[in-house]
Amino acid sequence: MKHGRWECDYTDVLVSREGRSSPPGASRREFLKTLAVVGAGAMVPASGLLAQNASRSARGKTGRVDVHSHPIPPSWQQVTRFGGGKGWAPSATIEQMEKYGIATSILSITTPGLWFGGPEGASKLSRECNEYMAKMVQDYPGRFGMFTAVPFPDQDATLHEIEYGYDTLKADGVGLLTSYDDKWLGDPDFVPAFEELNRRNAVVFVHVTGPNCCRNLVPGARATMSEYDFDTTRTVISMLVNGTFSRFPKIRFIFVHSGGTLPVMAGRIHDRFPKERLDRVPDGVLPELKRQYYEVAHATYGPPLAALTKFVPVSQMLFGTDYPAEPMETTVGPLESWGFSAKDMYAIDRGNAERLFPRLKA
Ligand SMILES: [Zn+2]
């Protein structure tokens with residue numbers, strides 16, 4: 001039933017794209033691409049539109065780039081007892097990528113992360129996960145990238161893994177969680193890693209987690225209902241009051257799920273920012289937040305997308321799915337029915353990711 005509704009929405013998007021098939025400033029290449037999609041839509045029944053569009057663009061340099069995709073390495077699942085993605089295999093992600101027109105997915109390790117078995121266990125698990133992701137990149141040429149997994153509370157080991165990820169595995173960036181043992185990313189303990197990531201002009205993917213403080217605040221509720229999205233805001237506040245954004249300006253941060261609660265709270269964060277720490281945000285609170293990147297998985301419903309599109313320009317938005325934790329259609333369906341122009345849709349789907357990962361353009 002859901003599927004039928006989304007097919008209907010997708011038809012609406014095609015009609016709206018046809019009406020604006022040459023958006024202001026669109027390149028001739030994008031214009032022709034739009035015409036091709038609309039032309040395909042005119043010739044096939046609605047039930048075949050999604051599949052046809054997907055098969056047209058799932059490979060090569062026009063398909064979507066999914067910056068939020070999780071592998072489930074067997075060794076990691078064994079240690080974490082992660083319950084999501086049962087029966088997952090690399091081929092399952094490829095199958096979904098084909099269905100939804102995704103050319104490349106950038107892999108990252110999801111919550112609960114890697115801090116198991118103390119520093120030694122966490123380093124070992126990080127390396128195993130990185131080797132696993134690198135093998136997927138190698139086994140499916142062009143279809144995957146990877147954010148290096150790091151045992152972040154151990155900064156020395158993290159520096160070692162960052163080096164291995166970039167120099168040996170040719171990773172696309174580094175994956176972090178919003179918090180580690182109730183330390184958020186602006187904590188002074190994490191400065192060594194950010195110094196190195198700034199030196200490397202890194203892309204840092206910041207994934208949500210349930211912080212120790214707040215996992216069981218409401219009896220009967222699950223942290224995944226709200227705490228994940230709040231933890232993005234907590235870590236951003238930590239980075240603002242400690243000057244992480246201004247001190248390490250070359251790092252491009254990606255925050256997930258349309259920024260969680262951040263877009264609706266940014267005004268209050270700005271208004272209540274402690275005066276004694278204003279030197280940590282010399283360019284201002286809002287400009288620092290507006291230059292970061294926001295991925296939209298499982299947060300393309302009307303309210304979160306309305307907040308995000310008022311908060312940042314389309315140039316800062318990235319496509320992602322959070323597969324296999326979330327079914328891809330929960331993101332793709334609402335996103336396609338939002339009514340973005342063809343130019344903006346392409347920027348979110350791929351163009352903005354090409355700026356972050358220039359290898360995708362080659
Ligand atoms: Zn995720």
# chains A, B, ... in the order shown; residues from 1 in each chain; ligands from 1
>>> residues_near_ligand(ligand="ligand 1", cutoff="12 Å", atoms="only C-alpha atoms and all ligand atoms", output="PDB file with C-alpha atoms, in the first residue's frame")
ATOM      1  CA  ASP A  66      24.267   7.463  -0.626  1.00  0.00           C
ATOM      2  CA  VAL A  67      26.516   8.848   2.120  1.00  0.00           C
ATOM      3  CA  HIS A  68      24.750   6.915   4.896  1.00  0.00           C
ATOM      4  CA  SER A  69      25.024   3.159   4.338  1.00  0.00           C
ATOM      5  CA  HIS A  70      26.044   0.536   6.875  1.00  0.00           C
ATOM      6  CA  PRO A  71      27.765  -2.790   6.369  1.00  0.00           C
ATOM      7  CA  ILE A  72      27.353  -5.395   9.083  1.00  0.00           C
ATOM      8  CA  GLY A  84      19.330  -4.601  12.844  1.00  0.00           C
ATOM      9  CA  GLY A  85      20.008  -5.785   9.330  1.00  0.00           C
ATOM     10  CA  ILE A 106      29.815   5.443   1.234  1.00  0.00           C
ATOM     11  CA  LEU A 107      30.018   2.864   4.020  1.00  0.00           C
ATOM     12  CA  SER A 108      30.302   3.563   7.734  1.00  0.00           C
ATOM     13  CA  ILE A 109      29.970   1.586  10.951  1.00  0.00           C
ATOM     14  CA  THR A 110      26.778   2.382  12.820  1.00  0.00           C
ATOM     15  CA  THR A 111      26.043   2.760  16.531  1.00  0.00           C
ATOM     16  CA  PRO A 112      26.984   1.242  19.018  1.00  0.00           C
ATOM     17  CA  GLY A 113      30.330   1.827  17.348  1.00  0.00           C
ATOM     18  CA  GLY A 175      33.261   8.056  10.607  1.00  0.00           C
ATOM     19  CA  LEU A 176      32.535   9.202  14.172  1.00  0.00           C
ATOM     20  CA  LEU A 177      29.641   8.945  16.617  1.00  0.00           C
ATOM     21  CA  THR A 178      27.994  11.974  18.225  1.00  0.00           C
ATOM     22  CA  PHE A 205      30.666  11.673   8.948  1.00  0.00           C
ATOM     23  CA  VAL A 206      29.039  12.136  12.366  1.00  0.00           C
ATOM     24  CA  HIS A 207      26.583   9.339  13.127  1.00  0.00           C
ATOM     25  CA  VAL A 208      24.023   9.477  15.906  1.00  0.00           C
ATOM     26  CA  THR A 209      24.126   7.319  19.006  1.00  0.00           C
ATOM     27  CA  THR A 224      16.017   5.633  19.070  1.00  0.00           C
ATOM     28  CA  TYR A 228      19.639  10.039  18.604  1.00  0.00           C
ATOM     29  CA  ASP A 229      18.352  13.244  17.057  1.00  0.00           C
ATOM     30  CA  PHE A 255      25.466  15.440  10.281  1.00  0.00           C
ATOM     31  CA  VAL A 256      22.788  12.816   9.689  1.00  0.00           C
ATOM     32  CA  HIS A 257      18.980  12.644   9.616  1.00  0.00           C
ATOM     33  CA  GLU A 295      22.348  14.109   5.211  1.00  0.00           C
ATOM     34  CA  VAL A 296      18.606  13.381   4.969  1.00  0.00           C
ATOM     35  CA  ALA A 297      18.067   9.642   5.705  1.00  0.00           C
ATOM     36  CA  HIS A 298      14.770   8.846   7.409  1.00  0.00           C
ATOM     37  CA  ALA A 299      14.111  12.571   7.847  1.00  0.00           C
ATOM     38  CA  GLY A 320      21.522   9.073   2.336  1.00  0.00           C
ATOM     39  CA  THR A 321      19.383   6.091   3.290  1.00  0.00           C
ATOM     40  CA  ASP A 322      20.681   4.544   6.542  1.00  0.00           C
ATOM     41  CA  TYR A 323      20.238   1.126   4.923  1.00  0.00           C
ATOM     42  CA  PRO A 324      19.818  -1.552   6.296  1.00  0.00           C
ATOM     43  CA  ALA A 325      18.697   0.121   9.553  1.00  0.00           C
ATOM     44  CA  GLU A 326      15.909   1.842   7.599  1.00  0.00           C
ATOM     45  CA  PRO A 327      14.173   0.722   4.392  1.00  0.00           C
ATOM     46  CA  MET A 328      15.301   2.995   1.562  1.00  0.00           C
TER      47      MET A 328
END
>>> residues_around(residues="Ile162 (chain A)", least_positions_apart="2", cutoff="12 Å", atoms="only C-alpha atoms", output="VMD selection string")
chain A and resid 123 126 to 127 130 147 to 152 155 to 160 164 to 176 192 to 200 202 to 204
>>> closest_residue(among="A:Pro263, A:Gln292, A:Glu336, A:Leu286", to="Ala307 (chain A)", atoms="only C-alpha atoms")
A:Pro263
>>> residues_around(residues="Ala266 (chain A)", least_positions_apart="6", cutoff="9 Å", atoms="only C-alpha atoms", output="JSON, numbers by chain")
{"A": [233, 285, 286, 289, 311]}
>>> select_by_dssp(residues="region 126-341 of chain A", states="strand (DSSP E or B)", output="PyMOL selection string")
chain A and resi 144-149+173-177+179-180+183-184+203-207+252-255+293-295+317-318+323
>>> residues_around(residues="Gly351 (chain A)", least_positions_apart="5", cutoff="12 Å", atoms="only C-alpha atoms", output="list in words")
Glu30, Lys61, Thr62, Gly63, Arg64, Val65, Asp66, Val314, Ser315, Gln316, Met317, Leu318, Phe319, Ala342, Lys343, Asp344, Met345, Tyr346, Leu356, Phe357, Pro358, Leu360 and Lys361 of chain A
>>> select_by_dssp(residues="region 196-266 of chain A", states="alpha helix (DSSP H)", output="ChimeraX atom specification")
/A:196-199,223-241,244-247,262-266
>>> closest_residue(among="A:Pro219, A:Pro303, A:Gly186, A:Gly243", to="Val264 (chain A)", atoms="only C-alpha atoms")
A:Pro303
>>> atom_distance(atom1="CA of Tyr140 (chain A)", atom2="CA of Arg59 (chain A)")
11.4 Å
>>> atom_distance(atom1="CA of Ser258 (chain A)", atom2="CA of Tyr293 (chain A)")
9.1 Å
>>> closest_residue(among="A:Asp154, A:Thr93, A:Met133, A:Ala353", to="Glu120 (chain A)", atoms="only C-alpha atoms")
A:Asp154
>>> closest_residue(among="A:Tyr301, A:Phe248, A:Phe273, A:Trp184", to="Val236 (chain A)", atoms="only C-alpha atoms")
A:Trp184
>>> closest_residue(among="A:Val281, A:Met136, A:Ala347, A:Leu305", to="Thr331 (chain A)", atoms="only C-alpha atoms")
A:Leu305
>>> decode(residues="region 133-262 of chain A", atoms="C-alpha atoms", output="short mmCIF file (atom, residue, chain, number, x, y, z; two decimals), in the first residue's frame")
data_model
loop_
_atom_site.label_atom_id
_atom_site.label_comp_id
_atom_site.auth_asym_id
_atom_site.auth_seq_id
_atom_site.Cartn_x
_atom_site.Cartn_y
_atom_site.Cartn_z
CA MET A 133 34.69 -2.16 4.13
CA ALA A 134 37.82 -1.94 1.96
CA LYS A 135 37.09 -5.40 0.59
CA MET A 136 33.56 -4.30 -0.37
CA VAL A 137 35.07 -1.27 -2.14
CA GLN A 138 37.41 -3.60 -3.99
CA ASP A 139 34.84 -6.32 -4.78
CA TYR A 140 32.33 -3.92 -6.34
CA PRO A 141 34.39 -1.36 -8.29
CA GLY A 142 32.83 2.08 -8.23
CA ARG A 143 29.85 1.07 -6.10
CA PHE A 144 31.24 1.74 -2.62
CA GLY A 145 33.40 4.15 -0.69
CA MET A 146 34.21 4.12 3.02
CA PHE A 147 34.52 6.28 6.11
CA THR A 148 37.36 4.91 8.23
CA ALA A 149 36.19 3.44 11.55
CA VAL A 150 38.23 4.68 14.52
CA PRO A 151 38.44 3.84 18.25
CA PHE A 152 37.92 7.53 19.02
CA PRO A 153 38.34 7.58 22.83
CA ASP A 154 41.89 6.28 22.23
CA GLN A 155 43.38 9.20 20.34
CA ASP A 156 46.77 7.59 19.63
CA ALA A 157 45.12 4.54 18.11
CA THR A 158 42.71 6.81 16.24
CA LEU A 159 45.61 8.72 14.65
CA HIS A 160 47.11 5.42 13.58
CA GLU A 161 43.84 4.24 12.03
CA ILE A 162 43.25 7.57 10.26
CA GLU A 163 46.66 7.18 8.62
CA TYR A 164 45.94 3.58 7.65
CA GLY A 165 42.51 4.49 6.31
CA TYR A 166 43.73 7.35 4.12
CA ASP A 167 47.14 6.13 3.03
CA THR A 168 46.59 2.38 2.65
CA LEU A 169 42.85 1.87 2.16
CA LYS A 170 42.26 5.17 0.28
CA ALA A 171 39.21 5.94 2.41
CA ASP A 172 36.88 8.84 1.60
CA GLY A 173 36.83 10.21 5.14
CA VAL A 174 36.37 9.22 8.75
CA GLY A 175 33.26 8.06 10.61
CA LEU A 176 32.53 9.20 14.17
CA LEU A 177 29.64 8.95 16.62
CA THR A 178 27.99 11.97 18.23
CA SER A 179 29.29 10.98 21.68
CA TYR A 180 31.62 8.59 23.46
CA ASP A 181 31.02 7.77 27.13
CA ASP A 182 29.28 11.09 27.67
CA LYS A 183 31.95 13.08 25.92
CA TRP A 184 30.74 15.00 22.89
CA LEU A 185 32.92 15.90 19.94
CA GLY A 186 34.06 19.30 21.19
CA ASP A 187 35.71 17.69 24.21
CA PRO A 188 39.36 18.80 24.53
CA ASP A 189 40.39 15.11 24.65
CA PHE A 190 39.55 14.82 20.95
CA VAL A 191 41.72 17.71 19.72
CA PRO A 192 44.62 15.55 18.44
CA ALA A 193 42.40 13.70 15.97
CA PHE A 194 40.74 16.88 14.74
CA GLU A 195 44.15 18.51 14.23
CA GLU A 196 45.12 15.64 11.97
CA LEU A 197 41.76 15.58 10.18
CA ASN A 198 42.02 19.33 9.56
CA ARG A 199 45.50 18.82 8.11
CA ARG A 200 44.03 16.24 5.73
CA ASN A 201 41.01 18.39 4.70
CA ALA A 202 38.89 15.49 5.90
CA VAL A 203 35.24 14.73 5.40
CA VAL A 204 33.94 13.57 8.80
CA PHE A 205 30.67 11.67 8.95
CA VAL A 206 29.04 12.14 12.37
CA HIS A 207 26.58 9.34 13.13
CA VAL A 208 24.02 9.48 15.91
CA THR A 209 24.13 7.32 19.01
CA GLY A 210 22.27 7.05 22.31
CA PRO A 211 24.49 8.83 24.87
CA ASN A 212 25.10 7.17 28.21
CA CYS A 213 23.35 10.00 30.03
CA CYS A 214 20.02 9.62 28.32
CA ARG A 215 19.37 6.13 27.04
CA ASN A 216 16.70 5.25 29.59
CA LEU A 217 15.23 8.57 30.63
CA VAL A 218 11.63 7.66 29.90
CA PRO A 219 10.54 4.23 31.10
CA GLY A 220 9.05 2.27 28.25
CA ALA A 221 10.53 4.50 25.54
CA ARG A 222 13.46 3.69 23.29
CA ALA A 223 16.44 5.99 22.82
CA THR A 224 16.02 5.63 19.07
CA MET A 225 12.70 7.49 19.27
CA SER A 226 14.30 10.82 20.07
CA GLU A 227 17.70 10.68 21.79
CA TYR A 228 19.64 10.04 18.60
CA ASP A 229 18.35 13.24 17.06
CA PHE A 230 18.98 15.20 20.26
CA ASP A 231 22.52 13.89 20.45
CA THR A 232 23.38 15.56 17.15
CA THR A 233 22.35 18.86 18.71
CA ARG A 234 24.34 18.11 21.87
CA THR A 235 27.51 17.35 19.93
CA VAL A 236 27.11 20.44 17.74
CA ILE A 237 26.71 22.58 20.87
CA SER A 238 29.84 20.93 22.29
CA MET A 239 31.73 21.76 19.08
CA LEU A 240 30.50 25.37 19.10
CA VAL A 241 31.32 26.20 22.73
CA ASN A 242 34.75 24.57 22.40
CA GLY A 243 35.56 26.20 19.07
CA THR A 244 35.91 22.97 17.06
CA PHE A 245 34.40 24.41 13.89
CA SER A 246 36.47 27.60 13.91
CA ARG A 247 39.69 25.91 15.00
CA PHE A 248 39.50 23.19 12.34
CA PRO A 249 37.89 24.99 9.40
CA LYS A 250 39.12 22.61 6.71
CA ILE A 251 37.10 19.69 8.04
CA ARG A 252 33.77 19.19 6.27
CA PHE A 253 31.36 17.65 8.80
CA ILE A 254 28.29 15.66 7.74
CA PHE A 255 25.47 15.44 10.28
CA VAL A 256 22.79 12.82 9.69
CA HIS A 257 18.98 12.64 9.62
CA SER A 258 18.50 16.25 8.38
CA GLY A 259 20.45 17.49 11.40
CA GLY A 260 18.09 15.90 13.95
CA THR A 261 16.69 18.60 16.20
CA LEU A 262 19.41 21.10 15.27
#
